[in-house]
Amino acid sequence: MAEAGRAKPVEGVHEISAITYGFMASKALFSALEFDLFTHIARGADTTRALAEDAGIAENRLLTLLAALKSLGLVSETGGRLVNAPATSRYLVAGAPGDFRDYVRFVNGAFGYESFRHLDEALRGERVFPDKGFYEGLAYEGGIGGERFSSAQHTGSLGPARLMAKRVDLKDRRKLLDVGGGSGAYSIAFCAANPQLSATILDFPQTVETAKRYVREAALADRITNLAGNAVAVDWPGGHDVILMSYVWSAVGEADIAVLAKRAAAALPPGGLLLIHDFMVDDAREGPRFAAWYLLGSMLDNPSAVCLTPAYVERVLRDAGLRIENTETMLPGITMLTKAVKTPA
Ligand SMILES: C[S@@+](CC[C@H](N)C(=O)[O-])C[C@H]1O[C@@H](n2cnc3c(N)ncnc32)[C@H](O)[C@@H]1O
């Protein structure tokens, strides 16, 4: 399979096996993080015996997990010493520069892995939670919990948020409304990069305390405020000249997408900027693969979820009365950003 564009057709049964066994590899990684194996190795528990003791897993069972992790190139063993692979050290060890263990463990593991068990029901148009979406049902009211989920989301959003703040010029903007802003990663990154900017984070009440904590830690409490509520139901505050929705359209259904676009168009002043950042596949809907796979999850949240493409996003924004500036790749192979402007009436 190619990273982007049309995939090479599979030719052998091995390639089919790689797909069918893929979930086992994912789960091996989630479990390794549950026991924080890579952090224990980095801190010196680099023999199987020492690691078994520090992680609290019997040595025979640990050997089986380690075999799977070695087969994936996440760790290796030389002369009886376990060594984390370079990317493992950079991203999957406590305190490492790119540490996003909690995103992998809770957002992809606890939330994504559990959600995907229901994919067949979702394809039949059945709702897992009859009266609510997956965020409320599983992440906030289910076993994961709002605080833990939003914190985990934060570890995955920080890097992309800083990247977007570098790439999108907001130096002439004064106030950002971050709809579905979650932990506030994007508001924090944009405000840190633009000293004149302040922001409002609008999200479900379960996320507010987490967002407040990160905002305080970033010393931005005087410039970033919160509004708790359902973005399709509460009144949006006025006075914002830029509105962001990051990973929100993939979390709601088609009807809500149209409502959110219209609400954004109504809330912006002429010249106001709307940013839609999300998983999007190309217009031919052939990939890239991570975006395509992630979008499967959106129909678990809502049977009327959409397979987002640049053409679709731009059409909805045009229908809401906005002028499209462009759609560009943000995280290569994963996300895109569409910019649209409110034209004078
Ligand atoms: C994948 S998270 C993204 C969070 C944040 N925008 C980011 O990129 O880090 C999606 C967020 O949208 C929020 N959300 C989904 N539907 C919503 C709705 N109807 N009203 C308010 N927030 C919503 C969720 O609570 C969650 O925080």
# chains A, B, ... in the order shown; residues from 1 in each chain; ligands from 1
>>> residues_near_ligand(ligand="ligand 1", cutoff="7 Å", atoms="only C-alpha atoms and all ligand atoms", output="short mmCIF file (atom, residue, chain, number, x, y, z; two decimals) with C-alpha atoms, in the first residue's frame")
data_model
loop_
_atom_site.label_atom_id
_atom_site.label_comp_id
_atom_site.auth_asym_id
_atom_site.auth_seq_id
_atom_site.Cartn_x
_atom_site.Cartn_y
_atom_site.Cartn_z
CA TYR A 135 -17.62 11.15 22.86
CA SER A 150 -9.08 15.20 27.06
CA GLN A 153 -6.14 14.03 23.30
CA HIS A 154 -3.88 16.90 24.34
CA SER A 157 -2.81 17.54 19.52
CA VAL A 179 -15.31 25.06 18.58
CA GLY A 180 -14.92 21.51 19.96
CA GLY A 181 -11.59 22.78 21.28
CA GLY A 182 -11.18 19.88 23.76
CA SER A 183 -8.07 20.32 25.89
CA GLY A 184 -7.35 23.69 24.26
CA ALA A 185 -4.16 22.63 22.46
CA TYR A 186 -4.93 24.78 19.41
CA LEU A 202 -16.36 25.82 23.28
CA ASP A 203 -16.80 22.14 24.17
CA PHE A 204 -18.84 19.75 26.30
CA THR A 207 -13.62 18.83 28.99
CA GLY A 229 -22.11 23.23 25.94
CA ASN A 230 -23.12 21.36 22.82
CA ALA A 231 -21.90 23.40 19.85
CA VAL A 232 -25.00 22.65 17.80
CA MET A 245 -12.93 23.43 14.21
CA SER A 246 -10.19 20.84 14.56
CA TYR A 247 -11.17 17.17 14.36
CA VAL A 248 -14.80 18.13 15.00
CA ALA A 251 -16.85 13.55 15.18
CA VAL A 252 -20.36 14.62 14.17
#
>>> select_by_dssp(residues="region 86-192 of chain A", states="alpha helix (DSSP H)", output="mmCIF file with N, CA and C atoms, in the first residue's frame")
data_model
loop_
_atom_site.group_PDB
_atom_site.id
_atom_site.type_symbol
_atom_site.label_atom_id
_atom_site.label_comp_id
_atom_site.auth_asym_id
_atom_site.auth_seq_id
_atom_site.Cartn_x
_atom_site.Cartn_y
_atom_site.Cartn_z
ATOM 1 N N PRO A 86 14.858 3.779 17.985
ATOM 2 C CA PRO A 86 14.947 5.254 18.044
ATOM 3 C C PRO A 86 13.591 5.942 18.176
ATOM 4 N N ALA A 87 12.603 5.551 17.374
ATOM 5 C CA ALA A 87 11.295 6.235 17.451
ATOM 6 C C ALA A 87 10.576 5.881 18.749
ATOM 7 N N THR A 88 10.794 4.667 19.258
ATOM 8 C CA THR A 88 10.205 4.291 20.552
ATOM 9 C C THR A 88 10.733 5.236 21.632
ATOM 10 N N SER A 89 12.046 5.485 21.608
ATOM 11 C CA SER A 89 12.654 6.365 22.625
ATOM 12 C C SER A 89 12.122 7.785 22.511
ATOM 13 N N ARG A 90 11.850 8.197 21.285
ATOM 14 C CA ARG A 90 11.449 9.594 21.066
ATOM 15 C C ARG A 90 9.976 9.845 21.397
ATOM 16 N N TYR A 91 9.140 8.833 21.171
ATOM 17 C CA TYR A 91 7.691 9.080 21.270
ATOM 18 C C TYR A 91 6.965 8.271 22.354
ATOM 19 N N ARG A 101 2.406 8.909 24.525
ATOM 20 C CA ARG A 101 1.915 7.601 24.995
ATOM 21 C C ARG A 101 0.428 7.625 25.316
ATOM 22 N N ASP A 102 -0.027 8.695 25.986
ATOM 23 C CA ASP A 102 -1.429 8.699 26.414
ATOM 24 C C ASP A 102 -2.384 8.801 25.236
ATOM 25 N N GLU A 114 -11.999 0.179 21.304
ATOM 26 C CA GLU A 114 -13.338 -0.202 21.776
ATOM 27 C C GLU A 114 -14.393 0.204 20.743
ATOM 28 N N SER A 115 -14.234 1.405 20.182
ATOM 29 C CA SER A 115 -15.211 1.871 19.193
ATOM 30 C C SER A 115 -15.273 0.931 18.002
ATOM 31 N N PHE A 116 -14.111 0.548 17.515
ATOM 32 C CA PHE A 116 -14.067 -0.220 16.266
ATOM 33 C C PHE A 116 -14.681 -1.613 16.399
ATOM 34 N N LEU A 119 -18.011 -1.537 14.634
ATOM 35 C CA LEU A 119 -18.066 -1.032 13.255
ATOM 36 C C LEU A 119 -19.182 -1.688 12.431
ATOM 37 N N ASP A 120 -19.403 -2.978 12.621
ATOM 38 C CA ASP A 120 -20.470 -3.638 11.841
ATOM 39 C C ASP A 120 -21.831 -3.026 12.175
ATOM 40 N N GLU A 121 -22.072 -2.807 13.486
ATOM 41 C CA GLU A 121 -23.348 -2.174 13.878
ATOM 42 C C GLU A 121 -23.463 -0.798 13.231
ATOM 43 N N ALA A 122 -22.341 -0.071 13.272
ATOM 44 C CA ALA A 122 -22.358 1.292 12.714
ATOM 45 C C ALA A 122 -22.666 1.237 11.216
ATOM 46 N N LEU A 123 -22.100 0.256 10.518
ATOM 47 C CA LEU A 123 -22.356 0.143 9.072
ATOM 48 C C LEU A 123 -23.826 -0.175 8.801
ATOM 49 N N PHE A 134 -20.435 9.075 20.493
ATOM 50 C CA PHE A 134 -19.431 8.274 21.178
ATOM 51 C C PHE A 134 -18.630 9.070 22.204
ATOM 52 N N GLY A 146 -13.902 12.069 31.119
ATOM 53 C CA GLY A 146 -13.595 13.292 30.388
ATOM 54 C C GLY A 146 -12.190 13.804 30.632
ATOM 55 N N GLU A 147 -11.772 13.798 31.881
ATOM 56 C CA GLU A 147 -10.465 14.344 32.250
ATOM 57 C C GLU A 147 -9.348 13.558 31.547
ATOM 58 N N ARG A 148 -9.438 12.229 31.663
ATOM 59 C CA ARG A 148 -8.373 11.390 31.098
ATOM 60 C C ARG A 148 -8.382 11.462 29.573
ATOM 61 N N PHE A 149 -9.597 11.469 28.988
ATOM 62 C CA PHE A 149 -9.672 11.486 27.535
ATOM 63 C C PHE A 149 -9.126 12.798 26.974
ATOM 64 N N SER A 150 -9.536 13.912 27.571
ATOM 65 C CA SER A 150 -9.077 15.205 27.056
ATOM 66 C C SER A 150 -7.574 15.376 27.261
ATOM 67 N N SER A 151 -7.054 14.893 28.386
ATOM 68 C CA SER A 151 -5.604 14.967 28.605
ATOM 69 C C SER A 151 -4.872 14.156 27.552
ATOM 70 N N ALA A 152 -5.405 12.966 27.269
ATOM 71 C CA ALA A 152 -4.764 12.095 26.272
ATOM 72 C C ALA A 152 -4.822 12.750 24.894
ATOM 73 N N GLN A 153 -5.980 13.331 24.580
ATOM 74 C CA GLN A 153 -6.139 14.029 23.303
ATOM 75 C C GLN A 153 -5.091 15.137 23.193
ATOM 76 N N HIS A 154 -4.826 15.782 24.328
ATOM 77 C CA HIS A 154 -3.876 16.898 24.342
ATOM 78 C C HIS A 154 -2.485 16.446 23.896
ATOM 79 N N THR A 155 -2.058 15.277 24.357
ATOM 80 C CA THR A 155 -0.698 14.834 24.006
ATOM 81 C C THR A 155 -0.575 14.571 22.507
ATOM 82 N N GLY A 156 -1.704 14.227 21.861
ATOM 83 C CA GLY A 156 -1.668 14.022 20.417
ATOM 84 C C GLY A 156 -1.863 15.312 19.641
ATOM 85 N N SER A 157 -2.484 16.310 20.251
ATOM 86 C CA SER A 157 -2.812 17.544 19.522
ATOM 87 C C SER A 157 -1.732 18.610 19.632
ATOM 88 N N LEU A 158 -0.890 18.529 20.674
ATOM 89 C CA LEU A 158 0.086 19.605 20.900
ATOM 90 C C LEU A 158 1.008 19.845 19.712
ATOM 91 N N GLY A 159 1.596 18.760 19.195
ATOM 92 C CA GLY A 159 2.546 18.874 18.068
ATOM 93 C C GLY A 159 1.848 19.471 16.845
ATOM 94 N N PRO A 160 0.738 18.859 16.383
ATOM 95 C CA PRO A 160 0.022 19.413 15.242
ATOM 96 C C PRO A 160 -0.440 20.855 15.472
ATOM 97 N N ALA A 161 -0.826 21.176 16.715
ATOM 98 C CA ALA A 161 -1.301 22.543 17.002
ATOM 99 C C ALA A 161 -0.164 23.548 16.815
ATOM 100 N N ARG A 162 1.017 23.205 17.303
ATOM 101 C CA ARG A 162 2.165 24.122 17.145
ATOM 102 C C ARG A 162 2.512 24.275 15.669
ATOM 103 N N LEU A 163 2.407 23.173 14.940
ATOM 104 C CA LEU A 163 2.688 23.222 13.497
ATOM 105 C C LEU A 163 1.697 24.155 12.801
ATOM 106 N N MET A 164 0.416 24.021 13.150
ATOM 107 C CA MET A 164 -0.590 24.866 12.495
ATOM 108 C C MET A 164 -0.378 26.337 12.868
ATOM 109 N N ALA A 165 -0.020 26.581 14.124
ATOM 110 C CA ALA A 165 0.187 27.974 14.556
ATOM 111 C C ALA A 165 1.350 28.614 13.805
ATOM 112 N N LYS A 166 2.319 27.793 13.397
ATOM 113 C CA LYS A 166 3.440 28.321 12.604
ATOM 114 C C LYS A 166 3.010 28.597 11.173
ATOM 115 N N ARG A 167 2.132 27.713 10.677
ATOM 116 C CA ARG A 167 1.775 27.781 9.252
ATOM 117 C C ARG A 167 0.649 28.768 8.950
ATOM 118 N N ALA A 185 -5.500 22.637 23.064
ATOM 119 C CA ALA A 185 -4.155 22.626 22.459
ATOM 120 C C ALA A 185 -4.011 23.689 21.370
ATOM 121 N N TYR A 186 -5.046 23.826 20.526
ATOM 122 C CA TYR A 186 -4.933 24.778 19.406
ATOM 123 C C TYR A 186 -5.048 26.220 19.889
ATOM 124 N N SER A 187 -5.958 26.482 20.834
ATOM 125 C CA SER A 187 -6.065 27.840 21.383
ATOM 126 C C SER A 187 -4.745 28.239 22.038
ATOM 127 N N ILE A 188 -4.158 27.304 22.773
ATOM 128 C CA ILE A 188 -2.904 27.594 23.470
ATOM 129 C C ILE A 188 -1.797 27.881 22.454
ATOM 130 N N ALA A 189 -1.694 27.022 21.435
ATOM 131 C CA ALA A 189 -0.618 27.201 20.451
ATOM 132 C C ALA A 189 -0.794 28.511 19.684
ATOM 133 N N PHE A 190 -2.038 28.819 19.288
ATOM 134 C CA PHE A 190 -2.261 30.056 18.528
ATOM 135 C C PHE A 190 -2.018 31.288 19.405
ATOM 136 N N CYS A 191 -2.477 31.251 20.657
ATOM 137 C CA CYS A 191 -2.267 32.412 21.531
ATOM 138 C C CYS A 191 -0.783 32.580 21.868
ATOM 139 N N ALA A 192 -0.083 31.460 22.035
ATOM 140 C CA ALA A 192 1.358 31.558 22.328
ATOM 141 C C ALA A 192 2.095 32.174 21.147
#
>>> closest_residue(among="A:Leu197, A:Ser304, A:Ala18, A:Leu322", to="Leu72 (chain A)", atoms="only C-alpha atoms")
A:Ala18
>>> closest_residue(among="A:Leu244, A:Ile19, A:Ile57, A:Ala233", to="Leu177 (chain A)", atoms="only C-alpha atoms")
A:Leu244
>>> atom_distance(atom1="CA of Ala96 (chain A)", atom2="CA of Gly44 (chain A)")
15.1 Å
>>> residues_around(residues="Lys171 (chain A)", least_positions_apart="4", cutoff="9 Å", atoms="only C-alpha atoms", output="list in words")
Ala193, Asn194, Pro195, Gln196 and Leu197 of chain A
>>> closest_atom_pairs(of="region 82-134 of chain A", to="region 45-49 of chain A", cutoff="12 Å", atoms="only C-alpha atoms", output="tab-separated table")
residue	atom	partner	partner_atom	distance
A:Leu82	CA	A:Asp46	CA	4.7
A:Val83	CA	A:Asp46	CA	6.9
A:Asn84	CA	A:Asp46	CA	9.3
>>> select_by_dssp(residues="region 124-287 of chain A", states="strand (DSSP E)", output="PyMOL selection string")
chain A and resi 175-179+198-203+224-228+242-246+273-279
>>> atom_distance(atom1="CA of Gly125 (chain A)", atom2="CA of Pro303 (chain A)")
5.2 Å
>>> residues_around(residues="region 308-315 of chain A", least_positions_apart="6", cutoff="6 Å", atoms="only C-alpha atoms", output="PyMOL selection string")
chain A and resi 280-283
>>> write_last_selection(atoms="C-alpha atoms", output="CSV table (one decimal), in the first residue's frame")
chain,number,residue,atom,x,y,z
A,280,MET,CA,-9.7,14.1,5.0
A,281,VAL,CA,-9.2,11.6,2.2
A,282,ASP,CA,-8.5,12.8,-1.3
A,283,ASP,CA,-11.4,13.6,-3.6
>>> residues_around(residues="Ala267 (chain A)", least_positions_apart="2", cutoff="10 Å", atoms="only C-alpha atoms", output="list in words")
Leu177, Asp235, Trp236, Pro237, Gly238, Gly239, His240, Asp241, Val242, Ile243, Ala261, Lys262, Arg263, Ala264, Ala265, Pro269, Pro270, Gly272 and Lys342 of chain A
>>> write_last_selection(atoms="C-alpha atoms", output="compact mmCIF listing (two decimals), in the first residue's frame")
# COMPACT_ATOMS: atom_id res chain seq x y z
CA LEU A 177 -13.44 30.73 18.83
CA ASP A 235 -25.59 30.22 21.40
CA TRP A 236 -22.14 31.02 20.07
CA PRO A 237 -20.57 34.15 21.52
CA GLY A 238 -20.00 37.03 19.10
CA GLY A 239 -16.87 39.11 18.56
CA HIS A 240 -14.61 36.37 17.22
CA ASP A 241 -12.84 37.11 13.93
CA VAL A 242 -11.45 33.60 13.51
CA ILE A 243 -13.19 30.29 14.18
CA ALA A 261 -20.78 25.64 9.06
CA LYS A 262 -23.85 27.91 9.06
CA ARG A 263 -23.33 28.89 12.69
CA ALA A 264 -19.70 29.76 11.94
CA ALA A 265 -20.70 31.83 8.91
CA PRO A 269 -17.78 39.37 10.91
CA PRO A 270 -17.07 40.21 7.24
CA GLY A 272 -13.56 36.71 9.37
CA LYS A 342 -16.73 35.51 5.23
>>> closest_residue(among="A:Ala55, A:Val13, A:Leu92, A:Ala340", to="Leu29 (chain A)", atoms="only C-alpha atoms")
A:Leu92
>>> atom_distance(atom1="CA of Ala32 (chain A)", atom2="CA of Leu74 (chain A)")
10.2 Å
>>> closest_residue(among="A:Leu176, A:Thr210, A:His277, A:Lys132", to="Ser198 (chain A)", atoms="only C-alpha atoms")
A:Leu176
>>> closest_residue(among="A:Asn60, A:Thr200, A:Gln206, A:Ser26", to="Ala110 (chain A)", atoms="only C-alpha atoms")
A:Ser26
>>> closest_residue(among="A:Gly109, A:Pro9, A:Gly142, A:Gly73", to="Leu33 (chain A)", atoms="only C-alpha atoms")
A:Gly109
